[in-house]
>>> print(open('coords.cif').read())   # mmCIF, C-alpha atoms
data_start
loop_
_atom_site.label_atom_id
_atom_site.label_comp_id
_atom_site.auth_asym_id
_atom_site.auth_seq_id
_atom_site.Cartn_x
_atom_site.Cartn_y
_atom_site.Cartn_z
CA MET Y 1471 33.12 -6.57 -31.42
CA LYS Y 1472 33.19 -9.84 -29.52
CA THR Y 1473 30.85 -12.51 -30.88
CA PRO Y 1474 28.38 -13.77 -28.23
CA ASP Y 1475 29.30 -17.20 -26.94
CA THR Y 1476 26.54 -19.60 -27.90
CA ASN Y 1477 28.20 -22.52 -26.14
CA LEU Y 1478 27.88 -21.27 -22.57
CA SER Y 1479 27.13 -24.10 -20.18
CA GLN Y 1480 23.68 -24.31 -18.60
CA PRO Y 1481 22.37 -23.71 -16.00
CA VAL Y 1482 25.36 -22.17 -14.14
CA SER Y 1483 26.05 -19.54 -16.81
CA ALA Y 1484 22.35 -18.66 -17.02
CA ALA Y 1485 22.18 -17.95 -13.31
CA LEU Y 1486 25.13 -15.57 -13.64
CA ARG Y 1487 24.11 -13.95 -16.92
CA PHE Y 1488 20.51 -13.30 -15.95
CA GLN Y 1489 20.76 -12.65 -12.20
CA ALA Y 1490 19.82 -8.98 -12.77
CA PHE Y 1491 16.33 -10.18 -13.78
CA ASP Y 1492 15.74 -11.14 -10.14
CA LEU Y 1493 15.61 -7.42 -9.32
CA LEU Y 1494 12.63 -6.88 -11.62
CA ALA Y 1495 9.03 -6.84 -10.43
CA THR Y 1496 7.83 -8.27 -13.76
CA LEU Y 1497 7.89 -12.00 -14.50
CA VAL Y 1498 10.77 -12.98 -16.76
CA ALA Y 1499 11.84 -16.28 -18.31
CA VAL Y 1500 14.68 -16.92 -20.70
CA VAL Y 1501 13.78 -19.84 -22.94
CA HIS Y 1502 15.14 -21.76 -25.88
CA VAL Y 1503 13.11 -21.49 -29.07
CA ASP Y 1504 11.86 -25.03 -28.44
CA GLY Y 1505 10.15 -23.73 -25.25
CA VAL Y 1506 12.54 -25.12 -22.63
CA VAL Y 1507 13.10 -22.68 -19.76
CA LEU Y 1508 16.77 -21.77 -19.29
CA PHE Y 1509 16.19 -19.25 -16.50
CA ALA Y 1510 13.23 -18.03 -14.43
CA ASN Y 1511 13.43 -14.98 -12.19
CA ALA Y 1512 12.18 -14.75 -8.60
CA ALA Y 1513 9.00 -12.90 -9.58
CA LEU Y 1514 7.97 -15.70 -11.95
CA GLU Y 1515 8.77 -18.28 -9.28
CA ASP Y 1516 6.48 -16.45 -6.83
CA ALA Y 1517 3.69 -16.02 -9.38
CA LEU Y 1518 3.60 -19.68 -10.43
CA GLY Y 1519 3.92 -20.90 -6.86
CA ILE Y 1520 6.57 -23.48 -7.76
CA SER Y 1521 10.34 -23.51 -7.30
CA ARG Y 1522 12.77 -22.15 -9.84
CA ARG Y 1523 14.45 -25.54 -10.02
CA THR Y 1524 11.14 -27.05 -11.15
CA ILE Y 1525 10.47 -24.32 -13.72
CA GLU Y 1526 13.92 -24.42 -15.32
CA GLY Y 1527 14.14 -27.27 -17.76
CA SER Y 1528 10.36 -27.45 -18.17
CA GLN Y 1529 8.26 -26.31 -21.12
CA LEU Y 1530 7.15 -22.68 -20.60
CA PRO Y 1531 4.19 -22.99 -23.05
CA ASP Y 1532 2.69 -25.61 -20.73
CA CYS Y 1533 2.29 -22.88 -18.09
CA PHE Y 1534 -0.36 -21.19 -20.27
CA THR Y 1535 -3.99 -22.12 -20.84
CA GLU Y 1536 -3.30 -21.87 -24.60
CA PRO Y 1537 0.28 -23.12 -25.03
CA GLN Y 1538 0.23 -23.16 -28.83
CA ILE Y 1539 0.20 -19.35 -29.05
CA LEU Y 1540 3.55 -19.10 -27.26
CA ARG Y 1541 4.98 -22.01 -29.29
CA THR Y 1542 4.10 -20.14 -32.49
CA ALA Y 1543 5.65 -16.95 -31.10
CA LEU Y 1544 8.87 -18.78 -30.19
CA ASP Y 1545 9.04 -20.32 -33.66
CA GLY Y 1546 8.66 -16.86 -35.16
CA ALA Y 1547 11.41 -15.44 -32.96
CA GLY Y 1548 13.72 -18.34 -33.78
CA SER Y 1549 13.25 -17.90 -37.54
CA ASN Y 1550 13.66 -14.09 -37.33
CA VAL Y 1551 10.09 -13.43 -38.46
CA PHE Y 1552 10.01 -10.68 -35.83
CA ALA Y 1553 12.27 -9.17 -33.17
CA ALA Y 1554 9.50 -8.72 -30.58
CA LEU Y 1555 5.86 -9.77 -30.23
CA ARG Y 1556 3.15 -8.83 -27.71
CA TYR Y 1557 -0.13 -10.52 -26.86
CA ASP Y 1558 -2.44 -11.19 -23.91
CA ALA Y 1559 -2.79 -14.65 -22.36
CA TRP Y 1560 -3.74 -16.58 -19.23
CA LEU Y 1561 -0.98 -18.00 -17.03
CA LYS Y 1562 -1.62 -21.12 -14.98
CA ARG Y 1563 -0.31 -21.39 -11.41
CA ALA Y 1564 -0.30 -23.76 -8.44
CA ASN Y 1565 -3.80 -22.80 -7.30
CA PRO Y 1566 -6.70 -23.55 -9.66
CA GLU Y 1567 -7.25 -19.98 -10.87
CA PRO Y 1568 -5.16 -18.78 -13.85
CA PHE Y 1569 -4.52 -15.05 -14.13
CA PRO Y 1570 -4.24 -12.68 -17.09
CA VAL Y 1571 -0.85 -11.47 -18.30
CA HIS Y 1572 0.50 -9.37 -21.13
CA VAL Y 1573 3.23 -11.41 -22.86
CA VAL Y 1574 6.27 -9.83 -24.51
CA VAL Y 1575 8.44 -12.20 -26.58
CA ALA Y 1576 11.81 -10.75 -27.66
CA GLN Y 1577 15.01 -12.07 -29.17
CA THR Y 1578 18.35 -11.90 -27.33
CA ASP Y 1579 21.82 -11.59 -28.83
CA VAL Y 1580 22.34 -15.33 -28.40
CA LEU Y 1581 21.13 -17.58 -31.20
CA GLY Y 1582 18.13 -19.72 -30.24
CA GLU Y 1583 17.51 -17.84 -27.00
CA VAL Y 1584 14.37 -15.78 -26.31
CA ILE Y 1585 13.27 -13.57 -23.41
CA VAL Y 1586 9.63 -13.91 -22.40
CA GLU Y 1587 8.38 -11.10 -20.16
CA LEU Y 1588 4.99 -11.45 -18.46
CA LEU Y 1589 3.19 -8.40 -17.11
CA PRO Y 1590 0.32 -9.45 -14.80
CA LEU Y 1591 -2.66 -7.34 -15.80
CA GLU Y 1592 -4.09 -7.41 -12.27
CA GLN Y 1593 -0.69 -6.39 -10.89
CA GLN Y 1594 -0.46 -3.59 -13.43
CA ALA Y 1595 -3.87 -2.32 -12.41
CA LYS Y 1596 -2.82 -2.51 -8.74
CA GLN Y 1597 0.39 -0.60 -9.44
CA ASP Y 1598 -1.54 2.05 -11.35
CA ARG Y 1599 -3.92 2.39 -8.41
CA GLU Y 1600 -1.03 2.67 -5.95
CA GLU Y 1601 0.71 5.28 -8.09
CA ARG Y 1602 -2.48 7.35 -8.25
CA LEU Y 1603 -2.83 7.02 -4.48
CA ILE Y 1604 0.75 8.14 -3.86
CA ASP Y 1605 0.49 11.04 -6.29
CA GLN Y 1606 -2.82 12.11 -4.77
CA ALA Y 1607 -1.39 11.88 -1.25
CA GLN Y 1608 1.54 14.08 -2.26
CA ALA Y 1609 -0.79 16.62 -3.85
CA ASN Y 1610 -3.00 16.55 -0.76
CA LYS Y 1611 0.00 17.12 1.48
CA GLU Y 1612 1.10 20.19 -0.45
CA LEU Y 1613 -2.46 21.52 -0.63
CA ILE Y 1614 -3.03 21.03 3.10
CA ARG Y 1615 0.23 22.66 4.10
CA ASN Y 1616 -0.30 25.69 1.87
CA LEU Y 1617 -3.96 26.06 2.80
CA ALA Y 1618 -3.25 25.73 6.52
CA HIS Y 1619 -0.62 28.46 6.40
CA GLU Y 1620 -2.99 30.73 4.48
CA ILE Y 1621 -5.73 30.20 7.05
CA LYS Y 1622 -3.50 30.53 10.10
CA ASN Y 1623 -2.54 34.20 9.79
CA PRO Y 1624 -6.00 35.79 9.25
CA LEU Y 1625 -7.43 33.43 11.87
CA GLY Y 1626 -5.20 34.92 14.53
CA GLY Y 1627 -6.28 38.40 13.46
CA ILE Y 1628 -9.97 37.48 13.68
CA ARG Y 1629 -9.58 36.07 17.19
CA GLY Y 1630 -7.56 39.06 18.36
CA ALA Y 1631 -10.09 41.53 16.97
CA ALA Y 1632 -12.94 39.65 18.69
CA GLN Y 1633 -11.10 39.81 22.01
CA LEU Y 1634 -10.51 43.56 21.65
CA LEU Y 1635 -14.14 44.08 20.70
CA GLU Y 1636 -15.26 42.10 23.73
CA MET Y 1637 -13.28 44.43 26.00
CA GLU Y 1638 -15.03 47.48 24.57
CA ILE Y 1639 -18.66 46.37 24.74
CA GLU Y 1640 -20.87 46.09 27.81
CA SER Y 1641 -23.91 44.30 26.44
CA LYS Y 1642 -24.03 40.70 27.64
CA GLU Y 1643 -25.84 39.62 24.46
CA LEU Y 1644 -23.15 41.15 22.26
CA ILE Y 1645 -20.42 39.53 24.36
CA GLU Y 1646 -22.03 36.17 23.61
CA TYR Y 1647 -21.51 36.90 19.91
CA THR Y 1648 -17.83 37.70 20.42
CA GLN Y 1649 -17.49 34.48 22.41
CA VAL Y 1650 -18.90 32.55 19.45
CA ILE Y 1651 -16.29 34.18 17.19
CA ILE Y 1652 -13.46 33.33 19.62
CA HIS Y 1653 -14.70 29.75 20.12
CA GLU Y 1654 -14.98 29.08 16.38
CA ALA Y 1655 -11.58 30.68 15.75
CA ASP Y 1656 -10.08 28.36 18.36
CA ARG Y 1657 -11.79 25.35 16.76
CA LEU Y 1658 -10.38 26.27 13.35
CA GLN Y 1659 -6.96 26.86 14.90
CA SER Y 1660 -7.06 23.36 16.36
CA LEU Y 1661 -7.96 21.96 12.93
CA VAL Y 1662 -5.10 23.87 11.28
CA ASP Y 1663 -2.66 22.63 13.93
CA ARG Y 1664 -3.70 19.04 13.20
CA LEU Y 1665 -3.24 19.61 9.47
CA LEU Y 1666 0.27 20.94 10.03
CA ALA Y 1667 1.26 18.39 12.69
CA PRO Y 1668 3.02 15.89 10.35
CA HIS Y 1669 5.15 18.70 8.86
CA ARG Y 1670 6.09 20.37 12.13
CA ARG Y 1671 7.23 17.46 14.23
CA PRO Y 1672 10.73 16.13 13.47
CA HIS Y 1673 11.00 12.54 12.26
CA LEU Y 1674 12.44 10.71 15.32
CA VAL Y 1675 13.96 7.47 14.07
CA GLY Y 1676 14.72 4.52 16.31
CA ASP Y 1677 14.19 0.77 16.55
CA VAL Y 1678 10.50 -0.10 16.30
CA ASN Y 1679 8.83 -3.33 17.39
CA ILE Y 1680 5.53 -3.41 15.53
CA HIS Y 1681 3.88 -5.56 18.19
CA GLU Y 1682 4.66 -2.99 20.87
CA VAL Y 1683 2.95 -0.46 18.60
CA CYS Y 1684 -0.10 -2.72 18.22
CA GLU Y 1685 -0.29 -3.41 21.96
CA ARG Y 1686 -0.17 0.30 22.76
CA VAL Y 1687 -2.99 1.01 20.31
CA ARG Y 1688 -4.96 -2.00 21.53
CA SER Y 1689 -4.81 -0.80 25.14
CA LEU Y 1690 -5.90 2.72 24.17
CA ILE Y 1691 -8.86 1.44 22.16
CA LEU Y 1692 -10.01 -0.93 24.91
CA ALA Y 1693 -9.71 1.86 27.48
CA GLU Y 1694 -12.08 4.00 25.40
CA PHE Y 1695 -14.42 1.12 24.53
CA PRO Y 1696 -14.28 -1.17 27.59
CA LYS Y 1697 -17.54 -3.02 26.85
CA GLY Y 1698 -18.87 -4.73 23.74
CA LEU Y 1699 -15.59 -4.60 21.79
CA LYS Y 1700 -13.07 -7.43 21.41
CA ALA Y 1701 -9.54 -6.57 20.24
CA ALA Y 1702 -7.96 -9.80 18.99
CA ARG Y 1703 -4.31 -10.46 18.17
CA ASP Y 1704 -2.92 -12.50 15.28
CA TYR Y 1705 0.81 -11.82 15.36
CA ASP Y 1706 3.78 -13.24 13.49
CA ILE Y 1707 6.37 -12.91 16.25
CA SER Y 1708 9.23 -13.55 13.81
CA ILE Y 1709 8.90 -10.04 12.36
CA PRO Y 1710 12.13 -8.17 13.14
CA ASP Y 1711 12.47 -4.67 14.55
CA PHE Y 1712 13.00 -1.96 11.96
CA ARG Y 1713 14.04 1.67 11.91
CA GLY Y 1714 11.17 4.12 12.16
CA ASP Y 1715 9.33 6.74 14.18
CA ARG Y 1716 7.48 4.80 16.88
CA GLU Y 1717 5.15 7.64 17.87
CA GLN Y 1718 4.13 8.33 14.29
CA LEU Y 1719 3.33 4.67 13.72
CA ILE Y 1720 1.33 4.49 16.96
CA GLN Y 1721 -0.68 7.51 15.81
CA ALA Y 1722 -1.22 6.02 12.33
CA VAL Y 1723 -2.46 2.66 13.66
CA LEU Y 1724 -4.50 4.39 16.37
CA ASN Y 1725 -6.27 6.58 13.80
CA ILE Y 1726 -7.25 3.50 11.79
CA ALA Y 1727 -8.30 1.48 14.83
CA HIS Y 1728 -10.24 4.39 16.32
CA ASN Y 1729 -12.15 4.85 13.06
CA ALA Y 1730 -12.91 1.13 13.10
CA ALA Y 1731 -14.16 1.25 16.70
CA GLN Y 1732 -16.44 4.19 15.92
CA ALA Y 1733 -17.78 2.42 12.83
CA LEU Y 1734 -18.62 -0.55 15.09
CA ALA Y 1735 -21.00 1.49 17.26
CA GLU Y 1736 -24.00 -0.77 16.62
CA ARG Y 1737 -22.03 -3.98 17.11
CA VAL Y 1738 -20.39 -2.61 20.26
CA ALA Y 1739 -23.85 -1.79 21.60
CA SER Y 1740 -24.92 -5.39 20.93
CA GLY Y 1741 -21.69 -6.75 22.41
CA ASP Y 1742 -20.13 -8.40 19.34
CA GLY Y 1743 -17.82 -5.72 17.94
CA GLU Y 1744 -14.37 -7.01 16.97
CA ILE Y 1745 -11.09 -5.52 15.76
CA ILE Y 1746 -8.22 -7.82 14.77
CA PHE Y 1747 -4.59 -6.70 14.77
CA LYS Y 1748 -2.77 -9.04 12.39
CA THR Y 1749 0.90 -8.97 11.37
CA ARG Y 1750 2.65 -10.90 8.62
CA ILE Y 1751 5.83 -10.77 6.54
CA ALA Y 1752 5.28 -10.26 2.82
CA ARG Y 1753 8.02 -11.46 0.46
CA GLN Y 1754 9.00 -10.08 -2.94
CA VAL Y 1755 6.31 -7.40 -2.98
CA THR Y 1756 6.03 -4.33 -5.15
CA PHE Y 1757 4.51 -1.05 -4.05
CA GLY Y 1758 5.37 2.59 -4.50
CA LYS Y 1759 7.04 1.69 -7.85
CA GLN Y 1760 9.68 -0.39 -6.04
CA ARG Y 1761 10.16 -4.08 -5.36
CA TYR Y 1762 11.09 -5.15 -1.83
CA ARG Y 1763 12.47 -8.47 -0.70
CA LEU Y 1764 10.63 -8.22 2.63
CA ALA Y 1765 7.87 -5.98 3.91
CA LEU Y 1766 5.75 -5.72 7.02
CA GLU Y 1767 2.02 -6.32 6.55
CA LEU Y 1768 -0.06 -4.93 9.40
CA HIS Y 1769 -3.82 -5.50 9.09
CA VAL Y 1770 -6.45 -3.73 11.17
CA ILE Y 1771 -9.64 -5.70 10.48
CA ASP Y 1772 -13.12 -4.98 11.83
CA ASN Y 1773 -16.53 -6.60 11.45
CA GLY Y 1774 -18.39 -3.34 10.94
CA PRO Y 1775 -20.72 -2.20 8.16
CA GLY Y 1776 -17.90 -1.36 5.74
CA VAL Y 1777 -16.81 1.86 4.09
CA PRO Y 1778 -19.69 3.58 2.25
CA ASP Y 1779 -19.44 3.14 -1.52
CA SER Y 1780 -19.78 6.89 -1.99
CA ILE Y 1781 -16.38 7.57 -0.36
CA LYS Y 1782 -14.44 4.33 -0.97
CA ASP Y 1783 -12.18 5.98 -3.56
CA ARG Y 1784 -11.68 9.08 -1.42
CA ILE Y 1785 -11.21 7.84 2.14
CA PHE Y 1786 -7.61 9.06 2.32
CA TYR Y 1787 -8.51 12.53 1.07
CA PRO Y 1788 -8.53 15.27 3.71
CA LEU Y 1789 -11.87 16.28 5.23
CA VAL Y 1790 -13.66 13.21 3.81
CA SER Y 1791 -15.51 11.30 6.52
CA GLY Y 1792 -18.20 8.64 6.56
CA ARG Y 1793 -19.21 9.54 10.10
CA GLU Y 1794 -21.42 12.39 11.23
CA GLY Y 1795 -19.22 14.97 12.95
CA GLY Y 1796 -15.95 13.36 11.82
CA SER Y 1797 -13.07 15.65 10.88
CA GLY Y 1798 -11.93 13.49 7.96
CA LEU Y 1799 -8.28 13.86 8.99
CA GLY Y 1800 -7.53 10.55 10.72
CA LEU Y 1801 -6.81 8.46 7.62
CA THR Y 1802 -5.12 11.35 5.83
CA LEU Y 1803 -2.64 11.74 8.69
CA ALA Y 1804 -2.21 7.96 8.96
CA GLN Y 1805 -1.33 7.74 5.26
CA THR Y 1806 1.13 10.63 5.65
CA PHE Y 1807 2.88 9.00 8.62
CA VAL Y 1808 3.13 5.63 6.85
CA GLN Y 1809 4.43 7.22 3.64
CA GLN Y 1810 7.17 8.87 5.69
CA HIS Y 1811 8.30 5.28 6.34
CA HIS Y 1812 8.26 4.61 2.55
CA GLY Y 1813 5.08 2.58 3.06
CA LEU Y 1814 1.49 2.55 1.93
CA ILE Y 1815 -1.99 1.95 3.34
CA GLU Y 1816 -4.58 0.00 1.36
CA CYS Y 1817 -8.22 -0.64 2.18
CA ASP Y 1818 -10.42 -3.60 1.24
CA SER Y 1819 -13.96 -3.20 2.53
CA VAL Y 1820 -17.23 -5.10 2.20
CA PRO Y 1821 -20.18 -5.15 4.62
CA GLY Y 1822 -19.12 -7.18 7.64
CA ARG Y 1823 -15.37 -6.93 7.02
CA THR Y 1824 -13.08 -3.93 6.52
CA ASP Y 1825 -9.34 -4.54 6.24
CA PHE Y 1826 -6.87 -1.68 6.38
CA LYS Y 1827 -3.43 -3.01 5.37
CA ILE Y 1828 -0.24 -1.10 6.20
CA LEU Y 1829 2.80 -2.06 4.13
CA ILE Y 1830 6.27 -0.95 5.28
CA PRO Y 1831 9.58 -2.17 3.80
CA LEU Y 1832 11.79 -4.25 6.10
CA PRO Y 1833 15.60 -4.36 5.97
#
>>> encode(input="coords.cif", output="structure tokens")
Amino acid sequence: MKTPDTNLSQPVSAALRFQAFDLLATLVAVVHVDGVVLFANAALEDALGISRRTIEGSQLPDCFTEPQILRTALDGAGSNVFAALRYDAWLKRANPEPFPVHVVVAQTDVLGEVIVELLPLEQQAKQDREERLIDQAQANKELIRNLAHEIKNPLGGIRGAAQLLEMEIESKELIEYTQVIIHEADRLQSLVDRLLAPHRRPHLVGDVNIHEVCERVRSLILAEFPKGLKAARDYDISIPDFRGDREQLIQAVLNIAHNAAQALAERVASGDGEIIFKTRIARQVTFGKQRYRLALELHVIDNGPGVPDSIKDRIFYPLVSGREGGSGLGLTLAQTFVQQHHGLIECDSVPGRTDFKILIPLP
């Protein structure tokens, strides 16, 4: 077996040896036992808000609110007291607020060299929440599809039987009853068709300009709410086109914006309702268990009353609505369409500001 070379030059060799760490979503630094950073990955660079060139060569313990804990851990790793150590700490960054991380200190096969892995606790909680959301959306999709198919067949039989019955009876009052049956059967059929829509229509992929999508939705919303509602734009025009289904994305954004407009009923009546369509590029983001170099961030923000607390955790579930008479399908279908683009929808809502954020990977 070849003995590891402990005399590799720094920092060129470090960049080559540890470049795979740049693919990780977790924060990773390779340090000498004296605390000097030999390599910092892109995730750590983003988290600290300072350049990799500045981090490398500096003292990693100084990045923590309690540096002595890491110094002790590095001493222990260097003297072979342990092979790996875990503890929780607070990591300082460019802005004033430190954030909590779970620290993993582990030896490498090179003498005097230690890997320090930092797992942001807030990021871990966010990833757990996203994973639950994705799993729930998948379960909902299967449930909806199976349930819709089960409802569809007997529904047709009920409607047909009501029509035949209507042809046989002469009483006007009884015909009114058969009309109720036919009308309700049609209403349920329409609901079932909407439930099955994402699974029936083929995924038509082409070049998509997200601002054309936003402008289409904006014009539709303003046509329906011509008075009392302002639809503002805050676009990053540098966002490139990407491959996707334009009509699906229009429907997804329209469902969100339409929900926002309906939630703004009181503000629209008083003339100060507002929806903002905002686009940005997010860099080095992780969602759906994957890390992406670039992603589209599309925000649909309104100044309405906010999502009721009673349904905040369930707004993407089918048939859950905070509005009287709502079908509870708009956000479910929007989430389905966005997930078909390997994306995700998140919601942050407080009274006076609700922000639905669509994340879609960019090439």
>>> closest_atom_pairs(input="coords.cif", of="segment 1502-1526 of chain Y", to="segment 1563-1577 of chain Y", cutoff="8 Å", atoms="only C-alpha atoms", output="tab-separated table")
residue	atom	partner	partner_atom	distance
Y:Ala1517	CA	Y:Arg1563	CA	7.0
Y:Leu1518	CA	Y:Arg1563	CA	4.4
Y:Gly1519	CA	Y:Ala1564	CA	5.3
Y:Ile1520	CA	Y:Ala1564	CA	6.9
>>> closest_residue(input="coords.cif", among="Y:Ile1720, Y:Val1675, Y:Leu1486, Y:Ile1639", to="Leu1690 of chain Y", atoms="all atoms listed in the file")
Y:Ile1720
>>> atom_distance(input="coords.cif", atom1="atom CA of Leu1724 of chain Y", atom2="atom CA of Lys1622 of chain Y")
26.9 Å
>>> residues_around(input="coords.cif", residues="Arg1703 of chain Y", least_positions_apart="2", cutoff="10 Å", atoms="all atoms listed in the file", output="number ranges by chain")
Y: 1681, 1684-1685, 1688, 1700-1701, 1705-1706, 1745-1749, 1770
>>> resolve_selection(input="coords.cif", expression="the PyMOL selection byres ((chain Y and resi 1750) around 9)", output="list in words")
Asp1704, Tyr1705, Asp1706, Ile1707, Ser1708, Ile1709, Lys1748, Thr1749, Ile1751, Ala1752, Ala1765, Leu1766, Glu1767, Leu1768 and His1769 of chain Y
>>> write_last_selection(input="coords.cif", atoms="C-alpha atoms", output="tab-separated table (two decimals), in the coordinates of the input")
chain	number	residue	atom	x	y	z
Y	1704	ASP	CA	-2.92	-12.50	15.28
Y	1705	TYR	CA	0.81	-11.82	15.36
Y	1706	ASP	CA	3.78	-13.24	13.49
Y	1707	ILE	CA	6.37	-12.91	16.25
Y	1708	SER	CA	9.23	-13.55	13.81
Y	1709	ILE	CA	8.90	-10.04	12.36
Y	1748	LYS	CA	-2.77	-9.04	12.39
Y	1749	THR	CA	0.90	-8.97	11.37
Y	1751	ILE	CA	5.83	-10.77	6.54
Y	1752	ALA	CA	5.28	-10.26	2.82
Y	1765	ALA	CA	7.87	-5.98	3.91
Y	1766	LEU	CA	5.75	-5.72	7.02
Y	1767	GLU	CA	2.02	-6.32	6.55
Y	1768	LEU	CA	-0.06	-4.93	9.40
Y	1769	HIS	CA	-3.82	-5.50	9.09
>>> closest_residue(input="coords.cif", among="Y:Leu1644, Y:Leu1814, Y:Ile1680, Y:Ala1554", to="Gln1760 of chain Y", atoms="only C-alpha atoms")
Y:Leu1814
>>> atom_distance(input="coords.cif", atom1="atom CA of Ala1490 of chain Y", atom2="atom CA of Leu1832 of chain Y")
21.0 Å
>>> closest_residue(input="coords.cif", among="Y:Val1580, Y:Leu1699, Y:Ala1631, Y:Val1738", to="Ile1652 of chain Y", atoms="all atoms listed in the file")
Y:Ala1631
